[in-house]
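**Q** The structure file query-v5.csv (CSV, C-alpha atoms) is provided below.
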chain,number,residue,atom,x,y,z
A,1,MET,CA,95.7,28.8,82.3
A,2,ASP,CA,95.7,25.8,79.9
A,3,ALA,CA,95.8,26.8,76.3
A,4,GLN,CA,92.9,24.4,75.4
A,5,SER,CA,90.6,26.2,77.9
A,6,MET,CA,91.2,29.6,76.4
A,7,GLU,CA,88.4,31.0,74.1
A,8,SER,CA,89.1,32.9,71.0
A,9,PRO,CA,87.4,36.4,70.5
A,10,THR,CA,85.3,34.8,67.8
A,11,GLU,CA,84.0,32.1,70.1
A,12,THR,CA,83.3,34.6,72.8
A,13,ARG,CA,81.2,36.7,70.4
A,14,ILE,CA,79.2,33.6,69.3
A,15,ILE,CA,78.4,32.7,72.9
A,16,LEU,CA,77.3,36.3,73.6
A,17,HIS,CA,75.1,36.3,70.6
A,18,LEU,CA,73.5,33.0,71.6
A,19,PHE,CA,72.9,34.3,75.1
A,20,VAL,CA,71.1,37.4,73.8
A,21,LEU,CA,69.1,35.2,71.4
A,22,LEU,CA,67.9,33.0,74.3
A,23,LEU,CA,66.8,36.1,76.2
A,24,LEU,CA,64.8,37.4,73.2
A,25,LEU,CA,63.4,34.0,72.2
A,26,PRO,CA,60.2,34.2,74.3
A,27,ALA,CA,59.2,37.5,72.7
A,28,LEU,CA,59.9,36.2,69.2
A,29,ILE,CA,57.8,33.0,69.4
A,30,PRO,CA,54.0,33.5,69.2
A,31,GLN,CA,52.3,32.3,72.4
A,32,GLY,CA,49.4,30.4,70.8
A,33,GLY,CA,46.9,31.5,68.2
A,34,ALA,CA,45.1,34.8,68.0
A,35,HIS,CA,42.2,33.5,70.0
A,36,GLU,CA,44.6,32.9,72.9
A,37,VAL,CA,45.3,36.7,73.3
A,38,GLU,CA,43.0,39.0,75.2
A,39,ASN,CA,41.7,41.9,73.2
A,40,SER,CA,40.1,44.2,75.8
A,41,SER,CA,38.8,46.6,73.1
A,42,LEU,CA,36.6,44.0,71.5
A,43,TYR,CA,36.0,41.3,74.1
A,44,PRO,CA,34.1,40.2,76.0
A,45,LEU,CA,31.0,40.6,73.9
A,46,VAL,CA,27.5,39.4,74.5
A,47,VAL,CA,24.6,39.5,72.0
A,48,SER,CA,21.1,38.2,72.6
A,49,THR,CA,17.6,38.1,71.1
A,50,TRP,CA,15.1,40.5,72.7
A,51,PRO,CA,15.6,43.0,75.7
A,52,PHE,CA,16.5,40.2,78.1
A,53,LEU,CA,18.7,42.6,80.0
A,54,GLU,CA,19.4,40.6,83.1
A,55,ALA,CA,20.4,37.5,81.1
A,56,VAL,CA,22.9,39.6,79.1
A,57,ARG,CA,24.3,41.1,82.3
A,58,ALA,CA,24.7,37.7,83.8
A,59,ALA,CA,26.6,36.4,80.7
A,60,TRP,CA,28.7,39.6,80.5
A,61,THR,CA,29.7,39.4,84.2
A,62,ALA,CA,30.7,35.8,83.8
A,63,ALA,CA,32.7,36.5,80.6
A,64,ASP,CA,34.4,39.6,82.1
A,65,SER,CA,35.4,37.4,85.1
A,66,ARG,CA,37.3,35.2,82.7
A,67,PHE,CA,34.6,32.5,82.4
A,68,SER,CA,34.9,30.6,79.1
A,69,ALA,CA,32.4,31.5,76.4
A,70,VAL,CA,30.5,28.2,77.0
A,71,ASP,CA,30.2,28.8,80.7
A,72,ALA,CA,29.2,32.4,80.2
A,73,VAL,CA,26.4,31.4,77.8
A,74,VAL,CA,25.1,28.9,80.4
A,75,GLU,CA,25.0,31.7,83.0
A,76,GLY,CA,23.1,34.0,80.7
A,77,CYS,CA,20.5,31.5,79.5
A,78,ALA,CA,20.1,30.1,83.0
A,79,ALA,CA,19.3,33.6,84.3
A,80,CYS,CA,16.6,33.9,81.7
A,81,GLU,CA,15.2,30.4,82.6
A,82,GLU,CA,15.1,31.5,86.3
A,83,LEU,CA,13.4,34.8,85.4
A,84,ARG,CA,11.0,33.1,83.0
A,85,CYS,CA,11.7,35.7,80.4
A,86,ASP,CA,8.5,36.8,78.6
A,87,GLY,CA,6.9,33.5,79.9
A,88,THR,CA,8.5,31.7,76.9
A,89,VAL,CA,11.8,30.8,78.5
A,90,GLY,CA,12.2,28.4,81.5
A,91,PRO,CA,9.5,26.5,83.3
A,92,GLY,CA,5.9,27.7,83.8
A,93,GLY,CA,5.1,28.9,80.3
A,94,SER,CA,3.9,27.9,76.8
A,95,PRO,CA,1.6,24.9,77.7
A,96,ASP,CA,1.0,22.3,75.0
A,97,GLU,CA,-2.4,20.9,74.0
A,98,ASN,CA,-2.4,18.9,77.3
A,99,GLY,CA,-1.4,21.8,79.4
A,100,GLU,CA,2.1,20.6,80.0
A,101,SER,CA,5.3,22.8,79.7
A,102,THR,CA,8.5,21.2,78.3
A,103,MET,CA,12.0,22.5,77.6
A,104,ASP,CA,14.1,22.9,74.4
A,105,ALA,CA,17.7,24.1,74.7
A,106,LEU,CA,21.0,24.1,72.9
A,107,ILE,CA,24.7,25.0,73.4
A,108,MET,CA,27.4,25.1,70.8
A,109,ASN,CA,31.2,25.6,71.2
A,110,GLY,CA,32.5,27.6,68.3
A,111,VAL,CA,36.0,26.5,68.9
A,112,THR,CA,35.4,22.7,68.8
A,113,MET,CA,32.0,22.8,66.9
A,114,GLU,CA,30.6,20.5,69.7
A,115,VAL,CA,26.9,20.8,70.3
A,116,GLY,CA,24.6,19.6,73.1
A,117,ALA,CA,20.9,19.9,73.0
A,118,VAL,CA,17.7,18.7,74.6
A,119,GLY,CA,14.2,18.6,73.1
A,120,ALA,CA,10.7,18.2,74.5
A,121,MET,CA,12.4,17.6,77.9
A,122,ARG,CA,9.8,17.1,80.7
A,123,PHE,CA,10.2,17.5,84.5
A,124,VAL,CA,13.6,19.3,84.4
A,125,LYS,CA,13.7,23.1,84.5
A,126,ASP,CA,17.4,23.6,83.7
A,127,GLY,CA,17.3,23.3,80.0
A,128,ILE,CA,20.7,25.0,79.2
A,129,ARG,CA,22.5,23.0,81.9
A,130,ALA,CA,21.0,19.8,80.6
A,131,ALA,CA,22.2,20.7,77.1
A,132,LYS,CA,25.7,21.4,78.4
A,133,LEU,CA,25.7,17.9,80.1
A,134,VAL,CA,24.9,16.3,76.7
A,135,MET,CA,27.7,18.2,75.0
A,136,GLN,CA,30.4,17.6,77.6
A,137,HIS,CA,29.5,14.1,78.9
A,138,THR,CA,28.2,12.2,75.8
A,139,GLN,CA,29.2,11.6,72.3
A,140,HIS,CA,25.6,12.5,71.2
A,141,THR,CA,24.3,15.9,70.0
A,142,MET,CA,20.7,15.8,71.2
A,143,LEU,CA,18.5,13.9,73.7
A,144,VAL,CA,14.7,14.2,73.8
A,145,GLY,CA,11.6,13.5,75.8
A,146,ASP,CA,11.5,11.5,79.0
A,147,GLN,CA,14.9,10.0,78.2
A,148,ALA,CA,16.5,13.5,78.2
A,149,SER,CA,14.8,14.1,81.5
A,150,ALA,CA,16.1,10.8,83.0
A,151,TYR,CA,19.7,11.6,81.7
A,152,ALA,CA,19.7,15.1,83.2
A,153,ILE,CA,18.5,13.9,86.6
A,154,SER,CA,21.0,11.0,86.6
A,155,MET,CA,23.7,13.6,86.0
A,156,GLY,CA,22.7,15.7,89.0
A,157,LEU,CA,20.2,18.2,87.9
A,158,PRO,CA,17.1,18.7,90.1
A,159,GLY,CA,14.0,16.8,89.2
A,160,PRO,CA,11.5,15.5,88.5
A,161,SER,CA,9.6,18.8,88.8
A,162,ASN,CA,6.3,20.1,87.7
A,163,LEU,CA,7.2,22.6,85.0
A,164,SER,CA,3.7,24.1,84.9
A,165,SER,CA,2.7,27.3,86.8
A,166,PRO,CA,-0.6,28.9,87.8
A,167,GLU,CA,-0.1,31.3,84.9
A,168,SER,CA,0.4,28.5,82.3
A,169,MET,CA,-2.5,26.5,83.5
A,170,ASP,CA,-4.8,29.5,83.4
A,171,LYS,CA,-3.6,30.2,79.9
A,172,TRP,CA,-4.4,26.6,78.9
A,173,LYS,CA,-7.9,26.7,80.5
A,174,LYS,CA,-8.8,29.8,78.6
A,175,TRP,CA,-7.5,28.2,75.4
A,176,LYS,CA,-9.8,25.2,76.0
A,177,GLU,CA,-12.7,27.5,76.7
A,178,ASN,CA,-12.0,29.1,73.3
A,179,HIS,CA,-12.5,25.7,71.6
A,180,CYS,CA,-8.8,24.9,71.4
A,181,GLN,CA,-8.1,27.8,69.0
A,182,PRO,CA,-5.7,28.7,67.7
A,183,ASN,CA,-3.8,25.4,67.3
A,184,PHE,CA,-1.2,23.8,65.0
A,185,ARG,CA,-3.4,21.2,63.3
A,186,LYS,CA,-3.9,21.3,59.6
A,187,ASN,CA,-5.7,19.2,57.0
A,188,VAL,CA,-7.7,17.3,59.6
A,189,LEU,CA,-11.4,16.9,60.6
A,190,HIS,CA,-12.6,16.9,64.2
A,191,SER,CA,-15.5,15.4,66.0
A,192,ASN,CA,-15.6,18.4,68.4
A,193,SER,CA,-13.5,21.5,68.6
A,194,CYS,CA,-10.7,20.0,70.7
A,195,GLY,CA,-10.4,16.7,68.9
A,196,PRO,CA,-9.9,13.9,68.5
A,197,TYR,CA,-8.7,14.7,65.0
A,198,HIS,CA,-8.9,12.5,61.9
A,199,ILE,CA,-7.6,12.4,58.4
A,200,LYS,CA,-10.4,12.3,55.8
A,201,ASP,CA,-9.8,9.6,53.2
A,202,SER,CA,-9.2,10.9,49.7
A,203,MET,CA,-9.2,14.5,50.9
A,204,ASP,CA,-8.5,17.0,48.2
A,205,PHE,CA,-6.1,19.2,50.0
A,206,GLY,CA,-6.2,21.7,47.1
A,207,GLU,CA,-9.8,22.5,48.1
A,208,THR,CA,-9.4,22.4,51.9
A,209,CYS,CA,-10.8,25.9,52.5
A,210,SER,CA,-14.3,24.9,51.5
A,211,ILE,CA,-14.6,21.7,53.7
A,212,ASN,CA,-16.7,22.1,56.9
A,213,ASN,CA,-14.9,21.6,60.2
A,214,LEU,CA,-11.5,21.5,58.6
A,215,ILE,CA,-8.7,23.1,60.6
A,216,GLN,CA,-5.8,25.1,59.2
A,217,ASN,CA,-6.7,25.5,55.6
A,218,CYS,CA,-5.2,27.0,52.5
A,219,GLY,CA,-2.9,29.5,54.0
A,220,SER,CA,0.0,29.8,56.5
A,221,VAL,CA,-0.4,28.5,60.0
A,222,THR,CA,1.8,31.2,61.6
A,223,SER,CA,-0.7,34.0,62.2
A,224,HIS,CA,-0.9,33.2,65.9
A,225,VAL,CA,2.8,33.2,66.4
A,226,GLY,CA,4.1,36.2,68.4
A,227,ARG,CA,6.8,37.3,70.8
A,228,HIS,CA,4.8,36.6,73.9
A,229,ASN,CA,3.6,33.2,73.1
A,230,HIS,CA,6.4,31.8,70.9
A,231,ASP,CA,9.9,33.0,71.7
A,232,THR,CA,13.5,31.9,72.4
A,233,ILE,CA,16.5,33.4,74.0
A,234,SER,CA,19.3,32.9,71.6
A,235,MET,CA,22.6,34.2,72.9
A,236,ALA,CA,26.2,34.6,71.6
A,237,VAL,CA,29.2,35.2,73.8
A,238,PHE,CA,32.7,36.1,72.9
A,239,ASP,CA,34.9,35.5,76.0
A,240,ARG,CA,38.0,37.6,76.8
A,241,MET,CA,40.1,35.5,74.5
A,242,GLY,CA,37.7,36.0,71.6
A,243,ASN,CA,36.4,32.4,71.7
A,244,ILE,CA,32.7,32.0,70.8
A,245,ALA,CA,29.8,30.0,72.1
A,246,VAL,CA,26.1,30.2,71.5
A,247,GLY,CA,23.1,28.9,73.5
A,248,THR,CA,19.4,28.9,73.4
A,249,SER,CA,16.5,28.1,75.7
A,250,THR,CA,12.7,28.0,75.3
A,251,ASN,CA,9.6,26.3,76.4
A,252,GLY,CA,8.4,26.3,72.8
A,253,ALA,CA,5.2,27.4,71.2
A,254,SER,CA,2.0,27.8,73.2
A,255,PHE,CA,-0.6,25.0,72.5
A,256,LYS,CA,1.9,23.0,70.4
A,257,ILE,CA,1.1,19.4,69.7
A,258,PRO,CA,2.7,17.2,72.5
A,259,GLY,CA,6.0,15.9,71.4
A,260,ARG,CA,6.8,18.9,69.2
A,261,VAL,CA,10.4,20.0,69.1
A,262,GLY,CA,11.0,23.4,67.7
A,263,ASP,CA,14.2,25.0,66.2
A,264,GLY,CA,15.5,25.9,69.7
A,265,PRO,CA,17.7,22.8,69.9
A,266,ILE,CA,18.6,22.6,66.2
A,267,ALA,CA,22.2,23.8,65.5
A,268,GLY,CA,22.2,26.1,62.5
A,269,SER,CA,18.6,27.1,63.0
A,270,SER,CA,18.2,28.8,66.4
A,271,ALA,CA,21.9,29.5,66.7
A,272,TYR,CA,25.3,28.8,65.2
A,273,ALA,CA,28.9,29.7,66.0
A,274,ASP,CA,32.3,29.3,64.3
A,275,ASN,CA,35.4,30.8,66.0
A,276,GLU,CA,36.9,31.7,62.6
A,277,VAL,CA,33.9,33.7,61.5
A,278,GLY,CA,31.3,34.8,64.2
A,279,ALA,CA,27.9,33.8,65.4
A,280,CYS,CA,24.1,34.1,64.8
A,281,GLY,CA,21.0,33.8,66.9
A,282,ALA,CA,17.4,33.4,65.8
A,283,THR,CA,13.8,33.6,67.1
A,284,GLY,CA,10.4,33.3,65.6
A,285,ASP,CA,8.4,30.5,63.9
A,286,GLY,CA,10.8,27.7,64.5
A,287,ASP,CA,8.8,25.1,62.6
A,288,ILE,CA,9.4,27.1,59.4
A,289,MET,CA,12.8,28.5,60.3
A,290,MET,CA,14.4,25.1,60.9
A,291,ARG,CA,13.7,24.2,57.3
A,292,PHE,CA,16.2,26.9,56.2
A,293,LEU,CA,18.9,26.8,58.9
A,294,PRO,CA,19.1,30.6,58.9
A,295,CYS,CA,21.9,30.9,61.4
A,296,TYR,CA,24.1,28.4,59.5
A,297,GLN,CA,23.4,30.5,56.4
A,298,VAL,CA,24.3,33.7,58.2
A,299,VAL,CA,27.7,32.4,59.4
A,300,GLU,CA,28.6,31.0,56.0
A,301,SER,CA,27.6,34.2,54.3
A,302,MET,CA,29.9,36.1,56.7
A,303,ARG,CA,32.7,33.6,56.0
A,304,LEU,CA,32.4,34.5,52.3
A,305,GLY,CA,32.9,38.2,53.2
A,306,MET,CA,29.3,39.4,53.6
A,307,GLU,CA,28.8,42.1,56.3
A,308,PRO,CA,26.5,41.0,59.2
A,309,ARG,CA,23.7,43.3,58.1
A,310,LEU,CA,23.5,41.8,54.6
A,311,ALA,CA,24.1,38.3,55.9
A,312,ALA,CA,21.1,38.6,58.3
A,313,LYS,CA,18.9,40.2,55.7
A,314,ASP,CA,19.7,37.5,53.1
A,315,ALA,CA,18.9,34.7,55.5
A,316,ILE,CA,15.5,36.1,56.4
A,317,SER,CA,14.6,36.9,52.8
A,318,ARG,CA,15.3,33.3,51.8
A,319,ILE,CA,12.5,32.2,54.2
A,320,ALA,CA,10.1,35.0,53.4
A,321,ARG,CA,10.2,34.2,49.6
A,322,LYS,CA,8.8,30.8,50.4
A,323,PHE,CA,6.6,31.6,53.4
A,324,PRO,CA,5.3,35.2,53.0
A,325,ASP,CA,3.3,35.0,56.3
A,326,PHE,CA,6.2,33.8,58.4
A,327,VAL,CA,7.4,35.7,61.5
A,328,GLY,CA,11.0,35.6,62.6
A,329,ALA,CA,14.3,37.4,63.1
A,330,VAL,CA,18.0,36.8,63.4
A,331,PHE,CA,21.0,38.7,64.7
A,332,ALA,CA,24.5,38.4,63.2
A,333,VAL,CA,27.9,39.2,64.8
A,334,ASN,CA,31.3,38.8,63.3
A,335,LYS,CA,34.8,38.3,64.8
A,336,ASN,CA,35.4,42.1,64.6
A,337,GLY,CA,32.4,42.7,66.9
A,338,SER,CA,30.2,44.2,64.1
A,339,HIS,CA,26.6,43.2,64.7
A,340,ALA,CA,23.2,43.6,63.0
A,341,GLY,CA,19.7,42.2,62.9
A,342,ALA,CA,17.0,41.4,60.3
A,343,CYS,CA,13.4,40.5,60.8
A,344,TYR,CA,10.2,39.8,59.0
A,345,GLY,CA,6.6,40.0,60.1
A,346,TRP,CA,7.3,41.8,63.4
A,347,THR,CA,9.6,44.4,64.9
A,348,PHE,CA,12.7,42.8,66.5
A,349,GLN,CA,14.9,43.9,69.3
A,350,TYR,CA,18.3,42.4,70.3
A,351,SER,CA,20.6,43.3,73.2
A,352,VAL,CA,24.3,43.9,73.2
A,353,ARG,CA,27.0,44.4,75.8
A,354,SER,CA,30.5,45.3,74.8
A,355,PRO,CA,33.6,46.8,76.5
A,356,GLN,CA,32.7,50.2,75.0
A,357,MET,CA,29.2,50.1,76.7
A,358,LYS,CA,28.5,51.0,80.4
A,359,ASP,CA,25.5,48.7,80.3
A,360,VAL,CA,23.4,46.6,78.0
A,361,GLN,CA,22.1,48.4,74.9
A,362,VAL,CA,19.0,47.4,73.0
A,363,PHE,CA,18.9,47.7,69.2
A,364,THR,CA,15.5,47.8,67.3
A,365,VAL,CA,15.1,46.4,63.8
A,366,VAL,CA,12.1,47.0,61.7
A,367,PRO,CA,10.9,44.7,58.8
Go through the file and emit its structure as structure tokens.
**A**
Amino acid sequence: MDAQSMESPTETRIILHLFVLLLLLPALIPQGGAHEVENSSLYPLVVSTWPFLEAVRAAWTAADSRFSAVDAVVEGCAACEELRCDGTVGPGGSPDENGESTMDALIMNGVTMEVGAVGAMRFVKDGIRAAKLVMQHTQHTMLVGDQASAYAISMGLPGPSNLSSPESMDKWKKWKENHCQPNFRKNVLHSNSCGPYHIKDSMDFGETCSINNLIQNCGSVTSHVGRHNHDTISMAVFDRMGNIAVGTSTNGASFKIPGRVGDGPIAGSSAYADNEVGACGATGDGDIMMRFLPCYQVVESMRLGMEPRLAAKDAISRIARKFPDFVGAVFAVNKNGSHAGACYGWTFQYSVRSPQMKDVQVFTVVP
């Protein structure tokens, strides 16, 4: 053998060490961030407002089948739209003053912070799927009204469709027979009980309670808001990798003024998610709640170290201090899977499905 081709014992040891290192290298290098690794003890996890059991099951089944958090949220909210949960989600419920039903929906990706939403969408029943189209195929955050409908249909969703139902039309007719009460008008005069409505010149709004024929007076306008006429499914999903998404869907408040957009499609109000922290969902009087962005508040409070129970309670109390007659609730869930709820003006229930549960469990929260 040529002397130059012979290896010294030292060179041989170095080669052997390099060979062993190459074998061990894959185990020594992290394969992506923490969110890339399945944690079967915590995830998937689904949390939703109200006892919408079938919706939570649909989202859980999708997430457990390795759907992304975004796609699992769509499956859950779409199930609620199809089932017309409480008559306040999906088509066929909550008629406006003209008897028409419209859709509000939102989806948010907690990894990318992308949001898609539709508001006051007519003639298209698939609210959550329309919101996803906005998020994934536009650079916008929200589309509204007839233009939202046209966009959704152009992207392949079924429509135009009549979103009213025999039940919603019967509800509307009874409301008309009751002289269009209750409604969401305030500080206006009317020529008859159902309008048209007019502003009175030089009206002293500080004395509105004493003026004849004046609608919605010196107090809060939320007394007629309740679960079965004014509700939202707000859902958070942690997929098997721990990635988070949230989604909402609602047909809004019964007898709302046409064109009204509630908090359902408002990121930070009805729902919010951040992969580094956790998620929140909300339901209740959206016209008031959107002024406070309670879900953004919840997530940011948890970011600062607050436990979900305290974060939820703090967000609700901020609203109640300013609007003591308001009705609403939130749930909070952090990255560790800890969850809690808080409410004001009503008893609130939220639903959870985790790997430790054999089926969906409903948690009740009292004011």
**Q** The residues within 10 Å of (22.7, 23.6, 78.3), using all atoms listed in the file and the coordinates of the file, should be reported as a ChimeraX atom specification; which are they?
**A** /A:70-71,73-75,77-78,104-108,115-118,126-136,247-249,265
**Q** Once you count only C-alpha atoms, what closest atom pair and distance in Å to one decimal does each residue of region 257-336 of chain A within 12 Å of region 166-189 of chain A have, with rows by chain and rising residue number, as JSON lines?
**A**
{"residue": "A:Ile257", "atom": "CA", "partner": "A:Phe184", "partner_atom": "CA", "distance": 6.8}
{"residue": "A:Pro258", "atom": "CA", "partner": "A:Phe184", "partner_atom": "CA", "distance": 10.7}
{"residue": "A:Arg260", "atom": "CA", "partner": "A:Phe184", "partner_atom": "CA", "distance": 10.3}
{"residue": "A:Asp285", "atom": "CA", "partner": "A:Phe184", "partner_atom": "CA", "distance": 11.8}
{"residue": "A:Asp287", "atom": "CA", "partner": "A:Phe184", "partner_atom": "CA", "distance": 10.4}
**Q** Which distance in Å separates CA of Glu100 (chain A) and CA of Tyr197 (chain A), to one decimal?
**A**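 Going from CA of Glu100 (chain A) over to CA of Tyr197 (chain A) covers 19.4 Å.
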**Q** Taking all atoms listed in the file into account, name the residue in A:Ala271, A:Ala63, A:Leu157, A:Cys295 that is nearest to Ile316 (chain A).
**A**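 Smallest distance to Ile316 (chain A) is found for A:Cys295.
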**Q** Near Gly110 (chain A), within 12 Å and counting only C-alpha atoms, which residues show up once chain neighbours fewer than 3 positions away are dropped, as a ChimeraX atom specification?
**A** /A:35,68-70,73,107,113-115,236-239,242-247,267-268,271-280,299,335
**Q** Record the distance separating CA of Cys80 (chain A) and CA of Lys125 (chain A), expressed in Å with one decimal.
**A**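 Interatomic distance here is 11.5 Å.
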**Q** Could you check the closest approach to Pro44 (chain A) for each of A:Leu163, A:Gly337, A:Arg240, A:Val327 and tell me which residue wins, using only C-alpha atoms?
**A**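 Answer, going by the shortest atom-to-atom distance: A:Arg240.
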**Q** In Å, rounded to a single decimal, give me how far CA of Glu81 (chain A) is from CA of Tyr296 (chain A).
**A**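 Straight-line distance from CA of Tyr296 (chain A) to CA of Glu81 (chain A) works out to 24.8 Å.
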